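Here's query_14.txt, which has compact mmCIF, C-alpha atoms and all ligand atoms:
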# COMPACT_ATOMS: atom_id res chain seq x y z
CA MET A 260 -15.45 -46.60 -3.56
CA LYS A 261 -14.04 -44.18 -0.98
CA THR A 262 -15.35 -40.63 -0.77
CA ILE A 263 -13.52 -37.35 -0.25
CA GLY A 264 -15.39 -34.21 0.80
CA VAL A 265 -13.94 -30.79 0.04
CA LEU A 266 -14.86 -27.39 1.45
CA THR A 267 -13.44 -23.87 1.70
CA SER A 268 -13.70 -22.08 5.04
CA GLY A 269 -12.90 -18.73 6.67
CA GLY A 270 -11.59 -15.84 4.59
CA ASP A 271 -11.39 -16.52 0.87
CA ALA A 272 -8.13 -16.33 -1.04
CA PRO A 273 -7.22 -16.29 -4.74
CA GLY A 274 -6.12 -19.79 -5.70
CA MET A 275 -8.73 -21.63 -3.62
CA ASN A 276 -10.47 -22.62 -6.87
CA ALA A 277 -7.24 -24.02 -8.27
CA ALA A 278 -6.91 -26.10 -5.08
CA ILE A 279 -10.51 -27.38 -5.35
CA ARG A 280 -9.83 -28.29 -8.98
CA ALA A 281 -6.72 -30.23 -8.02
CA VAL A 282 -8.54 -32.13 -5.25
CA VAL A 283 -11.42 -33.04 -7.58
CA ARG A 284 -9.31 -34.04 -10.57
CA THR A 285 -6.62 -36.00 -8.70
CA GLY A 286 -9.31 -37.53 -6.48
CA ILE A 287 -11.28 -38.83 -9.46
CA TYR A 288 -8.06 -39.90 -11.19
CA TYR A 289 -7.21 -42.11 -8.20
CA GLY A 290 -10.73 -43.59 -8.09
CA PHE A 291 -12.34 -41.56 -5.28
CA ARG A 292 -15.82 -40.10 -5.34
CA VAL A 293 -15.52 -36.37 -4.57
CA MET A 294 -18.26 -34.40 -2.83
CA GLY A 295 -18.28 -30.60 -2.75
CA ILE A 296 -19.58 -28.90 0.40
CA ARG A 297 -20.90 -25.34 0.08
CA ARG A 298 -20.34 -22.49 2.58
CA GLY A 299 -17.67 -24.14 4.69
CA TYR A 300 -18.70 -25.77 7.96
CA ASN A 301 -22.18 -24.23 7.70
CA GLY A 302 -22.84 -26.29 4.57
CA LEU A 303 -21.47 -29.39 6.26
CA ILE A 304 -23.84 -28.96 9.20
CA GLU A 305 -26.78 -28.33 6.86
CA GLY A 306 -25.90 -31.10 4.40
CA ASP A 307 -25.37 -28.69 1.48
CA ILE A 308 -23.31 -31.37 -0.25
CA PHE A 309 -23.18 -32.45 -3.91
CA GLU A 310 -21.16 -34.84 -6.03
CA MET A 311 -18.49 -33.22 -8.20
CA ASN A 312 -17.17 -34.51 -11.51
CA LEU A 313 -14.30 -33.58 -13.81
CA ARG A 314 -16.40 -30.87 -15.46
CA SER A 315 -17.52 -29.31 -12.15
CA VAL A 316 -14.13 -27.65 -11.96
CA SER A 317 -13.74 -26.62 -15.60
CA ASP A 318 -12.76 -23.03 -16.26
CA ILE A 319 -12.09 -22.09 -12.62
CA ILE A 320 -8.29 -22.19 -12.29
CA GLN A 321 -8.05 -18.53 -13.29
CA ARG A 322 -10.87 -17.29 -11.05
CA GLY A 323 -10.50 -15.64 -7.64
CA GLY A 324 -12.87 -16.43 -4.77
CA THR A 325 -14.21 -19.93 -4.29
CA ILE A 326 -16.89 -21.73 -6.32
CA LEU A 327 -17.79 -23.66 -3.15
CA LEU A 328 -18.46 -20.37 -1.31
CA THR A 329 -17.06 -19.85 2.16
CA ALA A 330 -18.37 -18.86 5.58
CA ARG A 331 -17.54 -18.41 9.20
CA SER A 332 -19.59 -20.82 11.28
CA PRO A 333 -20.19 -20.03 14.96
CA GLU A 334 -22.45 -23.10 15.19
CA PHE A 335 -19.56 -25.37 14.22
CA MET A 336 -17.71 -24.18 17.32
CA THR A 337 -20.40 -25.66 19.58
CA GLU A 338 -20.56 -29.32 20.64
CA ASN A 339 -23.92 -29.68 18.96
CA GLY A 340 -22.70 -28.14 15.69
CA LEU A 341 -19.69 -30.43 15.63
CA LYS A 342 -21.90 -33.48 16.23
CA LYS A 343 -24.18 -32.45 13.37
CA ALA A 344 -21.19 -31.96 11.07
CA ALA A 345 -19.75 -35.36 12.00
CA SER A 346 -23.08 -37.09 11.44
CA MET A 347 -23.42 -35.42 7.99
CA CYS A 348 -20.02 -36.87 7.08
CA LYS A 349 -21.38 -40.28 8.00
CA ILE A 350 -24.71 -39.77 6.15
CA PHE A 351 -22.85 -38.74 2.98
CA LYS A 352 -20.24 -41.48 3.55
CA ILE A 353 -17.39 -38.99 3.54
CA ASP A 354 -14.25 -40.92 4.51
CA ALA A 355 -11.92 -37.93 4.42
CA LEU A 356 -12.61 -34.20 4.52
CA VAL A 357 -10.30 -31.72 2.78
CA VAL A 358 -10.51 -28.27 4.40
CA ILE A 359 -9.06 -25.37 2.42
CA GLY A 360 -8.70 -22.42 4.77
CA GLY A 361 -6.72 -20.76 7.50
CA ASP A 362 -5.64 -21.49 11.04
CA GLY A 363 -9.17 -21.21 12.48
CA SER A 364 -10.51 -23.65 9.92
CA PHE A 365 -7.75 -26.12 10.82
CA ARG A 366 -8.62 -25.87 14.52
CA GLY A 367 -12.19 -26.66 13.55
CA ALA A 368 -10.98 -29.61 11.47
CA ARG A 369 -9.02 -30.94 14.42
CA ASP A 370 -12.15 -30.78 16.60
CA LEU A 371 -14.03 -32.73 13.92
CA SER A 372 -11.29 -35.36 13.78
CA LYS A 373 -12.12 -36.24 17.41
CA PHE A 374 -15.38 -37.70 16.04
CA GLY A 375 -13.46 -40.12 13.87
CA ILE A 376 -13.50 -38.04 10.67
CA ASN A 377 -10.21 -38.04 8.76
CA VAL A 378 -9.33 -34.40 7.97
CA VAL A 379 -6.68 -32.89 5.71
CA GLY A 380 -5.99 -29.13 5.69
CA ILE A 381 -4.72 -27.09 2.76
CA PRO A 382 -3.42 -23.62 3.74
CA GLY A 383 -5.50 -21.04 1.91
CA THR A 384 -5.26 -17.46 3.17
CA ILE A 385 -3.72 -14.28 1.79
CA ASP A 386 -2.12 -13.62 5.20
CA ASN A 387 0.62 -16.31 5.07
CA ASP A 388 0.14 -16.65 8.83
CA ILE A 389 -0.03 -20.42 9.21
CA ALA A 390 2.90 -21.59 11.33
CA CYS A 391 3.67 -24.98 9.76
CA THR A 392 4.03 -23.70 6.20
CA ASP A 393 6.33 -21.25 4.46
CA TYR A 394 3.53 -20.37 2.07
CA THR A 395 -0.25 -20.08 1.99
CA ILE A 396 -2.33 -20.02 -1.19
CA GLY A 397 -3.32 -16.45 -2.11
CA PHE A 398 -0.35 -14.64 -0.59
CA ASP A 399 1.40 -13.96 -3.89
CA THR A 400 -1.75 -12.63 -5.57
CA ALA A 401 -2.43 -10.33 -2.62
CA LEU A 402 1.16 -9.04 -2.76
CA ASN A 403 0.79 -8.25 -6.44
CA THR A 404 -2.43 -6.37 -5.74
CA VAL A 405 -0.69 -4.32 -3.04
CA GLN A 406 2.25 -3.67 -5.33
CA ASP A 407 -0.06 -2.36 -8.03
CA ALA A 408 -1.63 -0.01 -5.48
CA ILE A 409 1.80 1.16 -4.27
CA ASN A 410 2.84 2.02 -7.85
CA LYS A 411 -0.23 4.18 -8.26
CA ILE A 412 0.02 5.86 -4.87
CA ARG A 413 3.71 6.52 -5.45
CA ASP A 414 2.95 8.45 -8.68
CA THR A 415 0.56 10.86 -7.04
CA ALA A 416 2.52 11.09 -3.76
CA THR A 417 5.66 12.09 -5.65
CA SER A 418 3.85 14.76 -7.68
CA HIS A 419 2.57 16.36 -4.49
CA GLU A 420 5.63 15.57 -2.34
CA ARG A 421 3.38 13.87 0.17
CA VAL A 422 3.74 11.20 2.78
CA SER A 423 1.53 8.16 2.06
CA ILE A 424 0.37 5.55 4.48
CA LEU A 425 -0.98 2.35 2.97
CA GLU A 426 -2.79 0.02 5.36
CA VAL A 427 -2.69 -3.58 4.17
CA MET A 428 -4.30 -6.81 5.40
CA GLY A 429 -2.64 -9.64 7.30
CA ARG A 430 -4.81 -10.03 10.40
CA HIS A 431 -2.45 -10.34 13.38
CA ALA A 432 0.62 -10.92 11.20
CA GLY A 433 2.84 -8.61 9.18
CA TYR A 434 3.80 -10.83 6.24
CA ILE A 435 1.81 -8.92 3.59
CA ALA A 436 3.18 -5.62 4.94
CA LEU A 437 6.79 -6.82 5.07
CA TYR A 438 6.86 -8.44 1.63
CA SER A 439 4.91 -5.69 -0.12
CA GLY A 440 6.99 -3.06 1.69
CA ILE A 441 10.17 -4.56 0.28
CA ALA A 442 8.63 -5.06 -3.17
CA GLY A 443 7.29 -1.51 -3.21
CA GLY A 444 10.33 0.20 -1.72
CA ALA A 445 8.56 1.55 1.38
CA GLU A 446 10.44 3.89 3.69
CA SER A 447 8.82 2.40 6.79
CA ILE A 448 7.11 -0.92 7.43
CA VAL A 449 4.96 -1.14 10.53
CA ILE A 450 4.00 -4.65 11.62
CA PRO A 451 2.45 -6.11 14.77
CA GLU A 452 5.53 -8.27 15.39
CA LYS A 453 7.64 -5.14 15.85
CA GLY A 454 5.15 -2.55 17.07
CA LEU A 455 4.72 1.09 16.14
CA ASP A 456 7.48 3.63 16.88
CA LYS A 457 5.98 6.97 15.81
CA ASP A 458 9.09 8.99 16.64
CA GLU A 459 11.23 6.74 14.46
CA ILE A 460 8.79 7.08 11.55
CA ILE A 461 8.76 10.86 11.88
CA ARG A 462 12.56 10.93 12.10
CA ARG A 463 12.80 8.90 8.89
CA ILE A 464 10.35 11.18 7.09
CA ILE A 465 12.32 14.33 8.02
CA ASP A 466 15.60 12.56 7.22
CA GLY A 467 14.22 11.48 3.82
CA LYS A 468 13.06 14.98 3.01
CA ASN A 469 16.50 16.41 3.89
CA LYS A 470 18.10 13.81 1.61
CA GLY A 471 15.92 14.95 -1.29
CA LYS A 472 13.25 12.24 -1.26
CA LEU A 473 10.12 13.47 -3.01
CA HIS A 474 7.75 11.13 -1.25
CA ASN A 475 7.64 8.83 1.73
CA LEU A 476 5.70 5.60 1.83
CA ILE A 477 4.69 3.85 5.03
CA ILE A 478 3.21 0.36 4.83
CA LEU A 479 1.08 -0.31 7.87
CA ALA A 480 -0.27 -3.76 8.74
CA GLU A 481 -3.95 -3.94 9.77
CA GLY A 482 -2.80 -5.73 12.94
CA ILE A 483 -1.54 -2.30 14.08
CA GLY A 484 -4.21 -0.28 12.24
CA GLY A 485 -5.18 3.36 12.73
CA ALA A 486 -3.83 4.68 9.39
CA THR A 487 -6.02 7.80 9.38
CA GLU A 488 -5.04 8.77 12.91
CA LEU A 489 -1.37 8.14 12.18
CA ALA A 490 -1.59 10.35 9.06
CA ARG A 491 -2.99 13.20 11.15
CA GLU A 492 -0.22 12.85 13.74
CA ILE A 493 2.54 12.74 11.10
CA GLU A 494 1.16 15.80 9.31
CA GLU A 495 1.04 17.67 12.60
CA ALA A 496 4.60 16.69 13.56
CA THR A 497 6.29 17.22 10.16
CA GLY A 498 4.12 19.80 8.40
CA ILE A 499 4.14 17.53 5.34
CA GLU A 500 0.78 16.62 3.77
CA THR A 501 0.04 13.01 4.66
CA ARG A 502 -2.64 10.77 3.16
CA ALA A 503 -3.86 7.41 4.36
CA THR A 504 -5.24 4.70 2.09
CA ILE A 505 -6.84 1.59 3.53
CA LEU A 506 -6.63 -0.96 0.76
CA GLY A 507 -9.23 -3.34 2.17
CA TYR A 508 -10.97 -6.19 0.40
CA ILE A 509 -9.43 -5.54 -3.00
CA GLN A 510 -6.54 -7.63 -1.59
CA ARG A 511 -8.73 -10.71 -1.31
CA GLY A 512 -9.86 -10.79 -4.93
CA GLY A 513 -8.50 -11.13 -8.42
CA SER A 514 -7.25 -13.81 -10.72
CA PRO A 515 -4.57 -15.87 -8.92
CA THR A 516 -0.97 -15.43 -10.03
CA ALA A 517 0.84 -18.29 -11.74
CA TYR A 518 2.65 -19.04 -8.47
CA ASP A 519 -0.61 -19.33 -6.52
CA ARG A 520 -2.12 -21.59 -9.18
CA VAL A 521 0.91 -23.88 -9.13
CA MET A 522 1.05 -24.00 -5.31
CA ALA A 523 -2.69 -24.67 -5.11
CA SER A 524 -2.41 -27.45 -7.69
CA LEU A 525 0.51 -29.11 -5.88
CA MET A 526 -1.10 -28.80 -2.44
CA GLY A 527 -4.50 -30.03 -3.70
CA ALA A 528 -2.88 -33.07 -5.26
CA LYS A 529 -0.83 -33.74 -2.12
CA ALA A 530 -3.98 -33.73 0.01
CA VAL A 531 -5.42 -36.53 -2.12
CA GLU A 532 -2.13 -38.43 -2.08
CA VAL A 533 -1.93 -38.46 1.73
CA ILE A 534 -5.52 -39.74 1.92
CA ARG A 535 -4.62 -42.42 -0.63
CA GLU A 536 -1.64 -43.45 1.50
CA GLY A 537 -4.00 -43.99 4.42
CA LYS A 538 -2.60 -41.14 6.51
CA ARG A 539 -4.98 -39.44 8.93
CA ASN A 540 -5.42 -35.85 10.12
CA ARG A 541 -2.72 -34.01 8.22
CA ILE A 542 -1.94 -30.44 7.18
CA ILE A 543 -0.30 -29.85 3.80
CA ALA A 544 2.59 -27.38 3.83
CA LEU A 545 5.43 -25.92 1.83
CA LYS A 546 8.69 -26.44 3.71
CA ASP A 547 12.10 -25.58 2.29
CA GLY A 548 10.72 -25.70 -1.25
CA LYS A 549 8.99 -29.07 -0.89
CA ILE A 550 5.32 -29.95 -0.43
CA VAL A 551 5.07 -31.95 2.79
CA ASP A 552 2.42 -32.99 5.32
CA TYR A 553 2.33 -32.68 9.11
CA ASP A 554 0.22 -34.23 11.80
CA ILE A 555 -2.54 -31.72 12.55
CA ASP A 556 -1.71 -31.43 16.29
CA GLU A 557 1.96 -30.90 15.53
CA ALA A 558 1.11 -28.33 12.84
CA LEU A 559 -1.17 -26.37 15.16
CA SER A 560 1.41 -26.30 17.95
CA MET A 561 4.08 -24.68 15.74
CA GLN A 562 5.08 -21.02 15.96
CA LYS A 563 6.05 -18.73 13.11
CA SER A 564 8.04 -15.54 13.35
CA ILE A 565 8.93 -12.69 11.05
CA ASP A 566 12.24 -13.03 9.23
CA GLU A 567 14.55 -10.61 11.08
CA TYR A 568 16.98 -10.45 8.17
CA MET A 569 14.21 -9.35 5.79
CA TYR A 570 12.90 -6.79 8.25
CA ASN A 571 16.35 -5.25 8.75
CA LEU A 572 17.07 -5.37 5.02
CA ALA A 573 13.91 -3.37 4.34
CA THR A 574 15.32 -0.58 6.52
CA ILE A 575 18.68 -0.62 4.73
CA LEU A 576 17.08 -0.60 1.28
CA SER A 577 14.97 2.44 2.05
CA LEU A 578 17.86 4.70 3.07
P1 LIG B 1 -9.57 -18.91 8.86
O1 LIG B 1 -9.76 -20.35 8.61
O2 LIG B 1 -9.34 -18.13 7.60
O3 LIG B 1 -8.53 -18.66 9.93
P2 LIG B 1 -11.69 -18.31 10.80
O4 LIG B 1 -10.74 -18.10 11.91
O5 LIG B 1 -12.83 -17.40 10.65
O6 LIG B 1 -10.96 -18.31 9.38
O7 LIG B 1 -12.24 -19.80 10.95
C1 LIG B 1 -13.21 -20.35 10.07
C2 LIG B 1 -14.16 -21.24 10.84
O8 LIG B 1 -13.43 -22.29 11.48
C3 LIG B 1 -14.91 -20.55 11.98
O9 LIG B 1 -16.10 -19.91 11.56
C4 LIG B 1 -15.21 -21.70 12.91
O10 LIG B 1 -16.34 -22.43 12.48
C5 LIG B 1 -13.97 -22.56 12.78
N1 LIG B 1 -13.00 -22.22 13.83
C6 LIG B 1 -12.26 -21.09 13.93
N2 LIG B 1 -11.49 -21.08 15.04
C7 LIG B 1 -11.74 -22.24 15.67
C8 LIG B 1 -11.25 -22.83 16.89
N3 LIG B 1 -10.36 -22.22 17.67
N4 LIG B 1 -11.76 -24.03 17.25
C9 LIG B 1 -12.67 -24.65 16.48
N5 LIG B 1 -13.17 -24.16 15.31
C10 LIG B 1 -12.71 -22.97 14.91

Mind turning the file's structure into structure tokens?
Ligand code: ADP
Amino acid sequence: MKTIGVLTSGGDAPGMNAAIRAVVRTGIYYGFRVMGIRRGYNGLIEGDIFEMNLRSVSDIIQRGGTILLTARSPEFMTENGLKKAASMCKIFKIDALVVIGGDGSFRGARDLSKFGINVVGIPGTIDNDIACTDYTIGFDTALNTVQDAINKIRDTATSHERVSILEVMGRHAGYIALYSGIAGGAESIVIPEKGLDKDEIIRRIIDGKNKGKLHNLIILAEGIGGATELAREIEEATGIETRATILGYIQRGGSPTAYDRVMASLMGAKAVEVIREGKRNRIIALKDGKIVDYDIDEALSMQKSIDEYMYNLATILSL
């Protein structure tokens, strides 16, 4: 009987549990033994590995976080750490390793594949910043969390006729900011891909006020950062009370949305299917509405850019 190992690595994301569940259940359905590995690559190095069964993943599809726990593993990035991880795969007879995580975790998986371990990556990060895929598990849930926050901030900002700055996650990318800015009707969206133009923001605030807008919402991506400082500068330049909110880790938690659960289920199942087909070293992706798989080197060499049309549309919609 062939064995699949599964781990979650890097930053957690809502929907990771649904992906683990899909890997375990489809794996067992197709006759694999499935081993869970705790705490990402750290658990692999330490041999924190246990056999999973159909009931190991009961009652988790609706839960945020990851039942396998996750970690960042500096040791795994050393030659010695990699060797230990590869030898654990051999000791536990893991034929293929499913890694649910972000770009960093996939780079780690590629390094491990050089030791003869078959690796399959499933994109799990709220940031949607993995180049080969249109979607990463957790993005939709994070957007809904941000939208909920925007609704609340908007209420109080309107009552006080304030400017609000909401700093959202996304690491070096602006996907959460762009999508939540459009969904929340932000007046300005500031993302690393486009940079920060303070004069333009101030012009739009004054323009909005003159047009009778009662509040002004700026969505700022953490890749730019400095929400508190920006609030102070805007208040000084416009004379309008300005408040900054840094949303933080609330964006990483919560019960996954239906979309995240479905995506995680499809991607988890696809990971098992590619292993079953005998493919090696793949990354699962959503491309043009279909679940596909790419060679890991090809996937990691791809580039992703912000949708210019969406970015421009956000400006038009906030007039
Ligand atoms: P994410 O997978 O969410 O992008 P990280 O970037 O923190 O999260 O990566 C998770 C783990 O993957 C790291 O702790 C490390 O063990 C491994 N990793 C990250 N980047 C690399 C890299 N460039 N090469 C090899 N391994 C990496």

*Do you know which residues are within 6 Å of ligand LIG 1 (chain B) using all atoms listed in the file? Can you write them as an NGL selection string?*
:A and (268-270 or 331-333 or 335-336 or 360-364 or 366-367)

*Which residues, written as a list in words, have at least one atom at most 9 Å from A:Thr516, with all atoms listed in the file counted and residues fewer than 6 positions away on the same chain left out?*
Pro273, Gly274, Gln321, Gly397, Asp399, Thr400 and Asn403 of chain A

*Residue with smallest distance to A:Met275 - pool A:Ile493, A:Leu356, A:Val521, A:Leu559, counting all atoms listed in the file*: A:Val521

*Which residue out of A:Thr497, A:Thr417, A:Asn571, A:Ser439 has the minimum interatomic distance to A:Leu473 when all atoms listed in the file are used?*
A:Thr417

_Neighbouring residues of A:Gly512 were defined as those with any atom within 8 Å, considering only C-alpha atoms; residues of the same chain fewer than 6 positions away were excluded. Please report them as an MDAnalysis selection string._
chainID A and resid 272:273 323:324 401

Using all atoms listed in the file, collect all residues at a distance of at most 9 Å from (3.2, -13.4, 11.7) as written in the file, then present them as a compact mmCIF listing (two decimals) with C-alpha atoms, in the coordinates of the input.
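This went into result-v2.txt:
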# COMPACT_ATOMS: atom_id res chain seq x y z
CA ASP A 386 -2.12 -13.62 5.20
CA ASN A 387 0.62 -16.31 5.07
CA ASP A 388 0.14 -16.65 8.83
CA ILE A 389 -0.03 -20.42 9.21
CA ALA A 390 2.90 -21.59 11.33
CA GLY A 429 -2.64 -9.64 7.30
CA ARG A 430 -4.81 -10.03 10.40
CA HIS A 431 -2.45 -10.34 13.38
CA ALA A 432 0.62 -10.92 11.20
CA GLY A 433 2.84 -8.61 9.18
CA TYR A 434 3.80 -10.83 6.24
CA ILE A 450 4.00 -4.65 11.62
CA PRO A 451 2.45 -6.11 14.77
CA GLU A 452 5.53 -8.27 15.39
CA GLN A 562 5.08 -21.02 15.96
CA LYS A 563 6.05 -18.73 13.11
CA SER A 564 8.04 -15.54 13.35
CA ILE A 565 8.93 -12.69 11.05

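Distance check against A:Gly507 using all atoms listed in the file: of A:Val427, A:Ala355, A:Ile376, A:Ile412, the minimum falls on A:Val427.
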
*Hey, which of A:Glu426, A:Glu459, A:Glu500, A:Asp414 ends up closest to A:Ile478? Count all atoms listed in the file.*
A:Glu426

Extract, using all atoms listed in the file, all DNA, RNA and protein residues at most 9 Å from A:Ala278, discarding same-chain residues fewer than 6 positions from it, and format them as a tab-separated table (two decimals) with C-alpha atoms, in the frame of the given file.
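Wrote selection_31.tsv, looks like this:
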chain	number	residue	atom	x	y	z
A	320	ILE	CA	-8.29	-22.19	-12.29
A	359	ILE	CA	-9.06	-25.37	2.42
A	381	ILE	CA	-4.72	-27.09	2.76
A	383	GLY	CA	-5.50	-21.04	1.91
A	396	ILE	CA	-2.33	-20.02	-1.19
A	520	ARG	CA	-2.12	-21.59	-9.18
A	522	MET	CA	1.05	-24.00	-5.31
A	523	ALA	CA	-2.69	-24.67	-5.11
A	524	SER	CA	-2.41	-27.45	-7.69
A	525	LEU	CA	0.51	-29.11	-5.88
A	526	MET	CA	-1.10	-28.80	-2.44
A	527	GLY	CA	-4.50	-30.03	-3.70
A	528	ALA	CA	-2.88	-33.07	-5.26

*Using only C-alpha atoms, which of the listed residues (A:Arg463, A:His474, A:Arg539, A:Arg491) sits closest to A:Ile575?*
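Using only C-alpha atoms, A:Ile575 sits closest to A:Arg463.
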
Write out as a tab-separated table a residue-level contact list of stretch 336-384 of chain A versus stretch 294-298 of chain A with cut-off 10 Å: for each qualifying residue the closest pair of atoms and the distance in Å to one decimal, counting all atoms listed in the file, rows sorted by chain and residue number upward.
residue	atom	partner	partner_atom	distance
A:Phe351	CA	A:Met294	CA	8.6
A:Lys352	CA	A:Met294	CA	9.7
A:Ile353	CA	A:Met294	CA	7.9
A:Leu356	CA	A:Met294	CA	9.3
A:Val357	CA	A:Gly295	CA	9.8
A:Val358	CA	A:Ile296	CA	9.9

*Taking into account only C-alpha atoms, which residue in the set A:Leu578, A:Asp466, A:Ile555, A:Tyr568 is nearest to A:Arg369?*
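Closest to A:Arg369 of all the choices is A:Ile555.
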
*atom CA of A:Ala573 and atom CA of A:Glu494, how far apart in Å?*
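Pair atom CA of A:Glu494 / atom CA of A:Ala573 returns 23.6 Å.
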
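Interatomic distance, atom CA of A:Arg413 against atom CA of A:Lys470: 17.6 Å.
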
*Could you state the separation of atom CA of A:Asp318 and atom CA of A:Ile287 in Å, given to one decimal place?*
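Distance between the two atoms: 17.3 Å.
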
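By all atoms listed in the file, and with residues fewer than 3 positions from A:Asp554 along its chain excluded, the set lying at most 10 Å from it is Val379, Lys538, Arg539, Asn540, Arg541, Ile542, Ile543, Glu557, Ala558 and Leu559 of chain A.
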